[in-house]
Amino acid sequence: MKITTRNHSLAKALTMLSLILIMFSATSASAKKNPRILVFCKTAGFHHDAIAVGTTAIIKLGAENNFDVDTTTNSEKFTADNLKNYKAVVFFNTTGDVLNDTQQAVFEKYIQGGGNFVGVHAATDTEYDWPWYGKLVGAYFVSHPSQQEASLNVTNRNHISTKHLPEVWKRKDEWYNFKWVADGLNVLISIDEKSYDAGKGKMGDKHPMAWYHEYDGGRAFYTELGHTDESYADPLYLKHLLGGSNMLWV
């Protein structure tokens, strides 16, 4: 009888221990923080109307895909103490000179320390007098024709941002010509200039639209797409943007 009681007590203790371990595991899992990104959308030049709908769409993407999103137009957020909280910084339709010299130095150190960068559309119409940034984003804007439909050649369909796309992706947007493109970019999408009127500044057969690369200790992804409000209700585009952002922290 004593043996039975002892065995019962042991079984009860083991059951309690198992419950405690399960509760501890659940608490640890819930305490695990989601990756956090900073969406920076300050404009010192042209202001894109799509910023409002686009930031809302990115916040929704975060909620659906387990990452947190902060948005700001305040360049004073570019401090070492603040940027260390973010897996990636997104320059979302920024234009012109948006950071001062001190803030630029802080951002350079963030990237050099393994930080990540995402540039969307007008991110290439930003900081023309900061060559380091130009190499990070990968190109500088020079002109664009009127918004129109064009054919995009998805040249790398193995990447997380493009594997869901058709080989030829037809869509309407505002298509940039670039006056300078960095060397060593991993091009994901190019545009077929024969499929639309590229206007002044056309680039010919080598006209990239999306790419990624490693730069100065960090990683960067850029997509030229995203001028129109309609982009942020387009599942193909949103998955493209999500994939390009996610690849920086997975």
# chains A, B, ... in the order shown; residues from 1 in each chain; ligands from 1

$ residues_around --residues "region 170-177 of chain A" --least-positions-apart "5" --cutoff "6 Å" --atoms "only C-alpha atoms" --output "MDAnalysis selection string"
chainID A and resid 142:144 147:151 201:202 227

$ closest_atom_pairs --of "region 91-200 of chain A" --to "region 30-43 of chain A" --cutoff "12 Å" --atoms "only C-alpha atoms" --output "CSV"
residue,atom,partner,partner_atom,distance
A:Phe91,CA,A:Phe40,CA,5.1
A:Phe92,CA,A:Cys41,CA,4.9
A:Asn93,CA,A:Cys41,CA,6.0
A:Thr94,CA,A:Thr43,CA,5.0
A:Thr95,CA,A:Thr43,CA,4.7
A:Gly96,CA,A:Thr43,CA,6.4
A:Asp97,CA,A:Thr43,CA,8.0
A:Val98,CA,A:Lys42,CA,6.3
A:Leu99,CA,A:Lys42,CA,9.2
A:Gly115,CA,A:Ile37,CA,10.7
A:Asn116,CA,A:Ile37,CA,9.4
A:Phe117,CA,A:Ile37,CA,9.7
A:Val118,CA,A:Val39,CA,9.0
A:Gly119,CA,A:Phe40,CA,9.8
A:Val120,CA,A:Cys41,CA,9.9
A:His121,CA,A:Cys41,CA,11.3
A:Ala122,CA,A:Thr43,CA,9.6
A:Ala123,CA,A:Cys41,CA,9.2
A:Asp125,CA,A:Thr43,CA,9.9
A:Thr126,CA,A:Thr43,CA,8.6
A:Glu127,CA,A:Thr43,CA,10.7

$ atom_distance --atom1 "CA of Gln103 (chain A)" --atom2 "CA of Lys87 (chain A)"
17.8 Å

$ closest_residue --among "A:Ala88, A:Val69, A:Val53, A:Val168" --to "Ser245 (chain A)" --atoms "only C-alpha atoms"
A:Ala88

$ select_by_dssp --residues "region 37-209 of chain A" --states "strand (DSSP E or B)" --output "PyMOL selection string"
chain A and resi 37-40+43+68-72+88-92+95-96+116-120+126+139-143+148-154+168-173+177-181+186-191+208-209

$ residues_around --residues "Asp234 (chain A)" --least-positions-apart "6" --cutoff "12 Å" --atoms "only C-alpha atoms" --output "ChimeraX atom specification"
/A:54,57,171-173,225-226,228,240-241

$ closest_residue --among "A:Lys179, A:His164, A:His159, A:Lys84" --to "Tyr128 (chain A)" --atoms "only C-alpha atoms"
A:Lys179

$ select_by_dssp --residues "region 99-202 of chain A" --states "alpha helix (DSSP H)" --output "VMD selection string"
chain A and resid 101 to 112 131 to 137

$ atom_distance --atom1 "CA of Trp132 (chain A)" --atom2 "CA of Phe178 (chain A)"
16.8 Å

$ atom_distance --atom1 "CA of Ser161 (chain A)" --atom2 "CA of Ile189 (chain A)"
10.2 Å

$ closest_residue --among "A:Ala80, A:Leu236, A:Ile111, A:Leu152" --to "Asp205 (chain A)" --atoms "only C-alpha atoms"
A:Leu152

$ closest_residue --among "A:Arg157, A:Lys135, A:Lys109, A:Lys60" --to "Asp81 (chain A)" --atoms "only C-alpha atoms"
A:Lys109

$ residues_around --residues "Gly184 (chain A)" --least-positions-apart "5" --cutoff "10 Å" --atoms "only C-alpha atoms" --output "list in words"
Gly138, Tyr212, His213, Glu214 and Tyr215 of chain A

$ closest_residue --among "A:Asn65, A:Asn246, A:Ser75, A:Thr56" --to "Ala44 (chain A)" --atoms "only C-alpha atoms"
A:Ser75

$ decode --residues "region 77-111 of chain A" --atoms "N, CA and C atoms" --output "mmCIF file, in the first residue's frame"
data_model
loop_
_atom_site.group_PDB
_atom_site.id
_atom_site.type_symbol
_atom_site.label_atom_id
_atom_site.label_comp_id
_atom_site.auth_asym_id
_atom_site.auth_seq_id
_atom_site.Cartn_x
_atom_site.Cartn_y
_atom_site.Cartn_z
ATOM 1 N N LYS A 77 14.800 60.564 -35.635
ATOM 2 C CA LYS A 77 14.757 59.160 -35.209
ATOM 3 C C LYS A 77 16.050 58.428 -35.566
ATOM 4 N N PHE A 78 16.891 59.055 -36.384
ATOM 5 C CA PHE A 78 18.138 58.422 -36.803
ATOM 6 C C PHE A 78 19.222 58.688 -35.766
ATOM 7 N N THR A 79 19.102 57.974 -34.652
ATOM 8 C CA THR A 79 20.118 57.955 -33.606
ATOM 9 C C THR A 79 20.560 56.513 -33.406
ATOM 10 N N ALA A 80 21.749 56.321 -32.867
ATOM 11 C CA ALA A 80 22.260 54.968 -32.652
ATOM 12 C C ALA A 80 21.354 54.187 -31.708
ATOM 13 N N ASP A 81 20.881 54.835 -30.652
ATOM 14 C CA ASP A 81 20.032 54.149 -29.677
ATOM 15 C C ASP A 81 18.708 53.714 -30.279
ATOM 16 N N ASN A 82 18.185 54.512 -31.195
ATOM 17 C CA ASN A 82 16.895 54.151 -31.793
ATOM 18 C C ASN A 82 17.045 53.104 -32.897
ATOM 19 N N LEU A 83 18.006 53.283 -33.789
ATOM 20 C CA LEU A 83 18.133 52.368 -34.923
ATOM 21 C C LEU A 83 18.487 50.948 -34.502
ATOM 22 N N LYS A 84 19.096 50.786 -33.339
ATOM 23 C CA LYS A 84 19.457 49.433 -32.903
ATOM 24 C C LYS A 84 18.218 48.578 -32.620
ATOM 25 N N ASN A 85 17.048 49.198 -32.563
ATOM 26 C CA ASN A 85 15.809 48.464 -32.326
ATOM 27 C C ASN A 85 15.241 47.832 -33.589
ATOM 28 N N TYR A 86 15.838 48.118 -34.757
ATOM 29 C CA TYR A 86 15.218 47.736 -36.022
ATOM 30 C C TYR A 86 16.066 46.750 -36.823
ATOM 31 N N LYS A 87 15.365 45.741 -37.372
ATOM 32 C CA LYS A 87 16.014 44.784 -38.270
ATOM 33 C C LYS A 87 16.271 45.403 -39.633
ATOM 34 N N ALA A 88 15.434 46.349 -40.013
ATOM 35 C CA ALA A 88 15.596 46.999 -41.317
ATOM 36 C C ALA A 88 15.015 48.406 -41.254
ATOM 37 N N VAL A 89 15.587 49.286 -42.079
ATOM 38 C CA VAL A 89 15.054 50.635 -42.267
ATOM 39 C C VAL A 89 14.601 50.754 -43.711
ATOM 40 N N VAL A 90 13.358 51.166 -43.894
ATOM 41 C CA VAL A 90 12.765 51.293 -45.223
ATOM 42 C C VAL A 90 12.696 52.769 -45.591
ATOM 43 N N PHE A 91 13.349 53.149 -46.684
ATOM 44 C CA PHE A 91 13.176 54.490 -47.240
ATOM 45 C C PHE A 91 12.012 54.385 -48.224
ATOM 46 N N PHE A 92 10.839 54.828 -47.761
ATOM 47 C CA PHE A 92 9.603 54.629 -48.508
ATOM 48 C C PHE A 92 9.187 55.916 -49.218
ATOM 49 N N ASN A 93 9.464 55.976 -50.512
ATOM 50 C CA ASN A 93 9.146 57.148 -51.331
ATOM 51 C C ASN A 93 9.693 58.440 -50.742
ATOM 52 N N THR A 94 10.876 58.334 -50.146
ATOM 53 C CA THR A 94 11.600 59.533 -49.722
ATOM 54 C C THR A 94 12.046 60.322 -50.943
ATOM 55 N N THR A 95 12.243 61.616 -50.782
ATOM 56 C CA THR A 95 12.781 62.433 -51.865
ATOM 57 C C THR A 95 13.658 63.534 -51.284
ATOM 58 N N GLY A 96 14.704 63.876 -52.052
ATOM 59 C CA GLY A 96 15.549 65.001 -51.683
ATOM 60 C C GLY A 96 16.506 64.698 -50.540
ATOM 61 N N ASP A 97 16.940 65.759 -49.882
ATOM 62 C CA ASP A 97 17.924 65.686 -48.798
ATOM 63 C C ASP A 97 17.172 65.504 -47.481
ATOM 64 N N VAL A 98 17.144 64.279 -46.962
ATOM 65 C CA VAL A 98 16.278 63.974 -45.823
ATOM 66 C C VAL A 98 17.025 63.780 -44.502
ATOM 67 N N LEU A 99 18.353 63.606 -44.543
ATOM 68 C CA LEU A 99 19.143 63.433 -43.326
ATOM 69 C C LEU A 99 20.277 64.456 -43.292
ATOM 70 N N ASN A 100 20.579 64.988 -42.113
ATOM 71 C CA ASN A 100 21.740 65.871 -41.997
ATOM 72 C C ASN A 100 23.015 65.048 -41.833
ATOM 73 N N ASP A 101 24.150 65.714 -41.730
ATOM 74 C CA ASP A 101 25.436 65.004 -41.703
ATOM 75 C C ASP A 101 25.537 64.040 -40.523
ATOM 76 N N THR A 102 25.077 64.457 -39.357
ATOM 77 C CA THR A 102 25.134 63.602 -38.167
ATOM 78 C C THR A 102 24.260 62.367 -38.344
ATOM 79 N N GLN A 103 23.072 62.559 -38.864
ATOM 80 C CA GLN A 103 22.153 61.446 -39.079
ATOM 81 C C GLN A 103 22.673 60.498 -40.159
ATOM 82 N N GLN A 104 23.314 61.050 -41.166
ATOM 83 C CA GLN A 104 23.917 60.209 -42.194
ATOM 84 C C GLN A 104 25.002 59.311 -41.593
ATOM 85 N N ALA A 105 25.832 59.882 -40.734
ATOM 86 C CA ALA A 105 26.905 59.106 -40.101
ATOM 87 C C ALA A 105 26.341 57.985 -39.239
ATOM 88 N N VAL A 106 25.252 58.266 -38.528
ATOM 89 C CA VAL A 106 24.601 57.247 -37.707
ATOM 90 C C VAL A 106 24.057 56.121 -38.575
ATOM 91 N N PHE A 107 23.445 56.472 -39.689
ATOM 92 C CA PHE A 107 22.879 55.447 -40.570
ATOM 93 C C PHE A 107 23.980 54.601 -41.213
ATOM 94 N N GLU A 108 25.076 55.228 -41.567
ATOM 95 C CA GLU A 108 26.199 54.469 -42.106
ATOM 96 C C GLU A 108 26.685 53.429 -41.093
ATOM 97 N N LYS A 109 26.801 53.823 -39.827
ATOM 98 C CA LYS A 109 27.257 52.893 -38.788
ATOM 99 C C LYS A 109 26.239 51.781 -38.568
ATOM 100 N N TYR A 110 24.967 52.100 -38.704
ATOM 101 C CA TYR A 110 23.912 51.083 -38.580
ATOM 102 C C TYR A 110 24.091 50.002 -39.649
ATOM 103 N N ILE A 111 24.300 50.414 -40.885
ATOM 104 C CA ILE A 111 24.501 49.449 -41.979
ATOM 105 C C ILE A 111 25.812 48.701 -41.782
#
